[in-house]
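Accompanying notes for the structure given below.
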Amino acid sequence: MQLPDEHKLASSKKRKQAIAFWIFRIFSYAIIAILFSILSFITYKGFSAISWGFITQMPEEGMTKGGIFPAIIGTLYLVCGSMLFAFPIGVLAAIYMNEYVKDGIIKKIIKQMTNNLAGIPSIVFGLFGMSLFVNKLGFGDSIIAGSLTLGLLALPVVIRTTEEALKAVDDTFRQASLGLGASKWQTTSKVVIPIAFPNIITGLILSIGRVSGETAPILFTVAAYFLPKLPTSIFDQVMALPYHLYVISTSGTNIEESRPVAYGTALVLILIVLFANLLANALRKYFGKKVKMN
Amino acid sequence: MKPFYKKFSEKFIEGLLMLSGTVTSLAVVLIVFFLFKEGVSVFNQEAVEEGYVVAVNKKNSADHISSEDLKNIYDQKITHWTPINGKPDSIVLFRLEDISNFYSDEQIGENFEGLPTCLSSVVDSLPDIIAFFPERYLAKNFKGKVLQVDKIKMSEFFGGKEWFPTAQPSAQLGVMPLILGTLWVSLGAILLALPLGLAAAVYMSEIANEKVRRVMKPLIELLAGIPSVVYGFFGLVIIVPLIQKTFQLPVGETGLAGSIILGIMALPTIITISEDAMRNTPRAMKEASLALGASKWQTIYKVVVPYSISGITAGAILGIGRAIGETMAVLMVTGNAAVIPHSILQPVRTIPATIAAELGEAPAGGLHYKALFALGCILFLITLFINLTVEFITGRNKHQKH
Amino acid sequence: MNKIESRNVDFFYGSSQALKNINIAIKPNTVTALIGPSGCGKSTYLRLFNRMNDLIDNTRISGTVMIDDQDIYAKGVNVDSLRKKVGMVFQKPNPFPKTIFENVAYGLRVNGITDKKFITERVETSIKQVALWDEVKDKLKKSAFELSGGQQQRLCIARALAIQPSIILMDEPTSALDPISTAKIEALIYELKKEYTIVIVTHNMQQAGRVSDTTAFFYMGELIEYDNTKTLFTNPKIERTQNYITGRFG
Ligand SMILES: Nc1ncnc2c1ncn2[C@@H]1O[C@H](COP(=O)(O)OP(=O)(O)OP(=O)(O)O)[C@@H](O)[C@H]1O
Ligand SMILES: [Mg+2]
């Protein structure tokens, strides 16, 4: 048995490592490059389309001209509506899970179900929203049906981020408060939640980012193809940014001519997400502890 | 009074919290209920659209017909009665518009008031006829025989090679092309995303320094945050024309375009989860390897990767799950042809894309509507299976390591 | 001739100094114990000998560390080869997620040895050396995680021995083990001394007294006293050493 030559071995190890690391580095940079090419392409193309009028005007001429005002308002309604539903319930559910219920079968079931809900594809939420809210409960295609559907989709996200925020609160705070004779709810509401609050809000912002871009759940529950007026009640249909982008880029009356509007809409969507992410990151940095999205 | 009030409100709040806690479970139960109630009822339906009948001459010995035979007859793939009732006579096809070959407009009447009688006598006069027409033109004393069309069978549904839910006279509900399309596109996506994603995960957790990591991490999160329509749009304006040009295709909307976009969309899932798993490799384990003279690279592939293999697998599987369930991006770039794909350079159609594209036109409660819900059930079951697999893998691993 | 020698060694984590002007010379085939209160720099010092501290960002060393009369921090030194020569055993048993056999064979494989027969023989000798052979010879293909803590630690020692280092560093190798396993490892150290030079960090004064020939007492990053073990324990020259070994502080 001949032992490998020390120098040869060392240099071969070094070479292999260098090659491997270079490949990994290139692949990683490729991913970042993909991200930036998407962002910069849409920014470049969309920038010229965006103007004050684009944001504040109704669509015109078969959606090839004019603005996207009703779609922006529609998305705003949907985001508010879904969060009005998902945020309080999600936060309360997370408090229940993290502060109240003891480890055991109930907690396990709730956890499992929340996980399952999070794993359901968004189009299935659309099917469900259509059969329950639109047809069974008779809401029709409406803001309320769309908001409830989107809210259900966002619920697991809110629960998870809130749970992580609560977990990050050191137990000594709870013990100190309970030791002073405060009740469980007093401890939770006066001590735990205020400490966890910034992270809970971070979670809220991230869910807003997610909800504003979802298309599949609103296809059959609220979204209108073309509706150049603002809704007057929660039982009205609305246009929405992601659906608008889908429509004008695939099935509009004149796809080629409406491209600038499409680029503009895509840019607005990206800006919303970018803004949500930046804000969330800034909050995290500002308040220290980290909340995870996935 | 005060302590009582306090105690009461504590209990009340706890009840409220518990109620909120059950909402997700309730939602899952409701989703399953509504999805399957509509979806499963597809197997209680005849393949012929409601309000239509299939009629034959009353001497014809057949009394029922499968939807596949019916379709083949109208496609003139079956031209003789042999497979249906054993008689070798050739079939006479009759559609509603053919009535003008037999009767004049006056006989039919301005408001079709004479149509039922005409239909009745046509069917009666031709022994080898098969006729398909709306039920409202079925005469009260119809002289032919109305054929029973078989209910949709499981085997037809899952094994059928044709998805053509609006076909006349009988809808073709074979989900095979859709399931295969979904799997093809997702498989392609994961083949693209896995090497890239794992490389990035290794790079971020083991190679890059803290500064680079701190920059990359939010960028990957941003990649996860971009809405799927935007990916779809990007695919449509960049990738689709690119593919069309590169491969000289008539259309660029292909399975490959879907795979590329889905691959990009699956990256964040793969990266985040497998990077997390690799970072959980105990420091001591890595040090032990280095202390034996292993290089950093040897340590990565001989120790870090095997140690975190379950997390990496979980990331890959969840990435596939994400690809399978994705709707909008695929809908926009794959061309949506419901045929069994033979190459990645052909248009394909996935289950989610089918639901999204067709549900709007399917009348609520009808066969088509129910069939789309059945697709939803399939999708739900696939993703449930994926999630449970992932939980099993990661859960089993937890026990092993402690 | 000294096996290991450190001259005027300072070590920094970022801006905080963890070791101050350490001078020690270690003779071949001896056991040297490093003792001192928690955080005094024992592990940091030990990890200098196989350049394990290189892995930590923002660290800096000055002074020289010599092994076999070669400066191991000199330019051009191959760290992988150095680590092959200087084995290490950690505080907690840390087998790889592999079979028992593959754990021991690991060091051979990463160092380019492919001869199956040679590997099999070497694995067997190494496991025999740590007196683990009878306990594991029927389950070499089983996962190393299936062994008890004490067995795992002996396996980790066998893993270090397999590549035939000349120095073995041990950082509190018995602190996670029960008394019986501890006794086995101490006996093993005594055996190994014949072929290897051993440096061991321990919090257990009795252990230091039992296994080591020389002892170094560290305090707040400084080497307070370094002497023959017997002398240091029975007749320390410095009061702080006296206080520590009699348990008056620390
Ligand atoms: N990775 C690190 N980064 C920064 N400082 C460190 C690091 N590791 C150790 N230190 C500091 O260096 C000093 C010496 O640590 P070291 O681990 O060498 O002590 P020790 O004597 O081994 O203690 P123990 O008996 O607890 O293992 C301590 O003050 C410690 O806080
Ligand atoms: Mg230590």
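Residue numbering restarts at 1 in every chain; chains get A, B, ... in the order shown in the structure tokens, and ligands count up from 1 in that same order.
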
- Compile the contact shell of C:Val86 as number ranges by chain: residues with an atom at most 8 Å away, counting only C-alpha atoms, same-chain residues fewer than 6 positions apart removed. B: 291; C: 49-50, 165-169

- Distance filter 6 Å, only C-alpha atoms, chain A against chain B, as a list in words: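 So the contacting residues turn out to be Gln17, Phe24, Phe27, Ser28, Ile89, Leu92, Ala93, Tyr96, Met113, Thr114, Pro121, Val124, Phe128, Gly213 and Ala266 of chain A.
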
- Query: Given a cut-off of 9 Å, what residues near ligand 1 show up using only C-alpha atoms and all ligand atoms, put as a PyMOL selection string?
  - Reply: chain C and resi 12-14+16-19+34-47+53+56-59+91+171-172+201-203+218-221

- Task: Between C:Thr30, C:Ser175, C:Gln206, C:Thr234, single out the one closest to ligand 2, counting only C-alpha atoms and all ligand atoms.
- Result: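 Distance minimum relative to ligand 2 lands on C:Ser175.
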
Kindly provide, as a PDB file with N, CA, C and O atoms, in the first residue's frame, the residues of chain C having any atom no farther than 8 Å from an atom of chain A, counting only C-alpha atoms.
ATOM      1  N   ASN C  78       0.516  23.734   4.761  1.00  0.00           N
ATOM      2  CA  ASN C  78      -0.743  23.142   4.348  1.00  0.00           C
ATOM      3  C   ASN C  78      -1.532  22.724   5.584  1.00  0.00           C
ATOM      4  O   ASN C  78      -1.149  21.827   6.317  1.00  0.00           O
ATOM      5  N   ASP C  80      -4.473  21.276   5.920  1.00  0.00           N
ATOM      6  CA  ASP C  80      -5.026  19.922   5.923  1.00  0.00           C
ATOM      7  C   ASP C  80      -3.989  18.903   6.396  1.00  0.00           C
ATOM      8  O   ASP C  80      -4.289  17.999   7.183  1.00  0.00           O
ATOM      9  N   SER C  81      -2.754  19.063   5.920  1.00  0.00           N
ATOM     10  CA  SER C  81      -1.714  18.111   6.315  1.00  0.00           C
ATOM     11  C   SER C  81      -1.377  18.272   7.787  1.00  0.00           C
ATOM     12  O   SER C  81      -1.133  17.289   8.489  1.00  0.00           O
ATOM     13  N   ASN C 111      -8.181  11.671   2.991  1.00  0.00           N
ATOM     14  CA  ASN C 111      -6.781  11.897   2.690  1.00  0.00           C
ATOM     15  C   ASN C 111      -6.293  11.046   1.538  1.00  0.00           C
ATOM     16  O   ASN C 111      -5.113  10.711   1.430  1.00  0.00           O
ATOM     17  N   GLY C 112      -7.237  10.670   0.703  1.00  0.00           N
ATOM     18  CA  GLY C 112      -6.868  10.096  -0.576  1.00  0.00           C
ATOM     19  C   GLY C 112      -6.561   8.616  -0.573  1.00  0.00           C
ATOM     20  O   GLY C 112      -6.058   8.086  -1.556  1.00  0.00           O
ATOM     21  N   ILE C 113      -6.842   7.900   0.518  1.00  0.00           N
ATOM     22  CA  ILE C 113      -6.558   6.473   0.534  1.00  0.00           C
ATOM     23  C   ILE C 113      -7.775   5.713   0.023  1.00  0.00           C
ATOM     24  O   ILE C 113      -8.895   5.944   0.475  1.00  0.00           O
ATOM     25  N   ASP C 115      -7.386   2.129  -1.030  1.00  0.00           N
ATOM     26  CA  ASP C 115      -7.152   0.695  -0.901  1.00  0.00           C
ATOM     27  C   ASP C 115      -8.076   0.093   0.159  1.00  0.00           C
ATOM     28  O   ASP C 115      -7.951   0.367   1.348  1.00  0.00           O
ATOM     29  N   PHE C 118      -6.427  -2.049   3.008  1.00  0.00           N
ATOM     30  CA  PHE C 118      -5.691  -1.181   3.927  1.00  0.00           C
ATOM     31  C   PHE C 118      -6.654  -0.472   4.878  1.00  0.00           C
ATOM     32  O   PHE C 118      -6.447  -0.426   6.090  1.00  0.00           O
TER      33      PHE C 118
END

- Task: Quote the spacing between atom CA of B:Ala371 and atom CA of B:Leu173 in Å to one decimal place.
- Result: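 Atom-to-atom, atom CA of B:Ala371 and atom CA of B:Leu173 are spaced 7.4 Å apart.
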
- Item | Secondary structure check, strand (DSSP E) residues of stretch 10-192 of chain C, as number ranges by chain | C: 10-13, 16-26, 31-35, 59-67, 70-71, 86-89, 167-171

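All of the residues in chain B within 9 Å of chain C are B:Asn209, B:Pro282, B:Ala284, B:Met285, B:Lys286, B:Glu287, B:Ala288, B:Ser289, B:Leu290, B:Ala291, B:Leu292, B:Gly293, B:Ala294, B:Ser295, B:Gln298, B:Thr299, B:Lys302, B:Val303, B:Pro306, B:Tyr307, B:Gln400, B:Lys401, where only C-alpha atoms were counted.
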
- Hey, what does DSSP flag as helix (DSSP H, G or I) within stretch 290-371 of chain B? Can you give it to me as an NGL selection string? :B and (290-291 or 296-307 or 309-325 or 328-333 or 351-361 or 367-371)

- Message: Applying 10 Å and only C-alpha atoms, which residues near A:Phe125 remain after dropping the ones on its own chain fewer than 4 positions away? List them as an NGL selection string.
- Response: (:A and (117 or 120-121 or 129-131 or 149-150 or 152-153 or 216-218 or 221)) or (:B and (31 or 35 or 376))

- Query: stretch 177-191 of chain C: which residues within 12 Å, counting only C-alpha atoms, same-chain residues fewer than 3 positions away excluded, as a PyMOL selection string?
  - Reply: chain C and resi 29-33+89+91-93+127-132+148-158+161+168-170+172-174+194-200+202+204+206-213

- Separation of atom CA of B:Ala131 from atom CA of B:Gln168, in Å and rounded to one decimal: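 That distance, rounded to one decimal, is 11.9 Å.
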
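With distances restricted to only C-alpha atoms, C:Ala105 is the closest residue to C:Lys117 from C:Thr214, C:Val77, C:Met205, C:Ala105.
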
Would you pick out the contacts of A:Thr162 at 7 Å or less, using only C-alpha atoms, so that residues sharing its chain but fewer than 4 positions from it are not included, and give the list as a PDB file with N, CA, C and O atoms, in the first residue's frame?
ATOM      1  N   VAL A  91     -53.888  36.563  14.782  1.00  0.00           N
ATOM      2  CA  VAL A  91     -53.145  36.935  15.990  1.00  0.00           C
ATOM      3  C   VAL A  91     -53.735  36.233  17.211  1.00  0.00           C
ATOM      4  O   VAL A  91     -53.009  35.672  18.039  1.00  0.00           O
ATOM      5  N   ALA A  94     -52.775  32.642  17.186  1.00  0.00           N
ATOM      6  CA  ALA A  94     -51.369  32.454  17.556  1.00  0.00           C
ATOM      7  C   ALA A  94     -51.190  32.636  19.062  1.00  0.00           C
ATOM      8  O   ALA A  94     -50.427  31.899  19.699  1.00  0.00           O
ATOM      9  N   VAL A 158     -50.217  34.793   8.810  1.00  0.00           N
ATOM     10  CA  VAL A 158     -50.327  35.649  10.000  1.00  0.00           C
ATOM     11  C   VAL A 158     -50.065  34.826  11.267  1.00  0.00           C
ATOM     12  O   VAL A 158     -49.312  35.247  12.155  1.00  0.00           O
ATOM     13  N   LEU A 166     -44.159  35.851  19.148  1.00  0.00           N
ATOM     14  CA  LEU A 166     -44.450  35.555  20.560  1.00  0.00           C
ATOM     15  C   LEU A 166     -43.360  34.670  21.161  1.00  0.00           C
ATOM     16  O   LEU A 166     -42.973  34.842  22.312  1.00  0.00           O
ATOM     17  N   ILE A 200     -44.995  41.327  15.123  1.00  0.00           N
ATOM     18  CA  ILE A 200     -46.333  40.986  14.641  1.00  0.00           C
ATOM     19  C   ILE A 200     -46.680  41.877  13.450  1.00  0.00           C
ATOM     20  O   ILE A 200     -47.215  41.418  12.441  1.00  0.00           O
ATOM     21  N   GLY A 203     -45.012  40.779  10.352  1.00  0.00           N
ATOM     22  CA  GLY A 203     -45.773  39.689   9.747  1.00  0.00           C
ATOM     23  C   GLY A 203     -46.958  40.210   8.958  1.00  0.00           C
ATOM     24  O   GLY A 203     -47.249  39.743   7.857  1.00  0.00           O
TER      25      GLY A 203
END
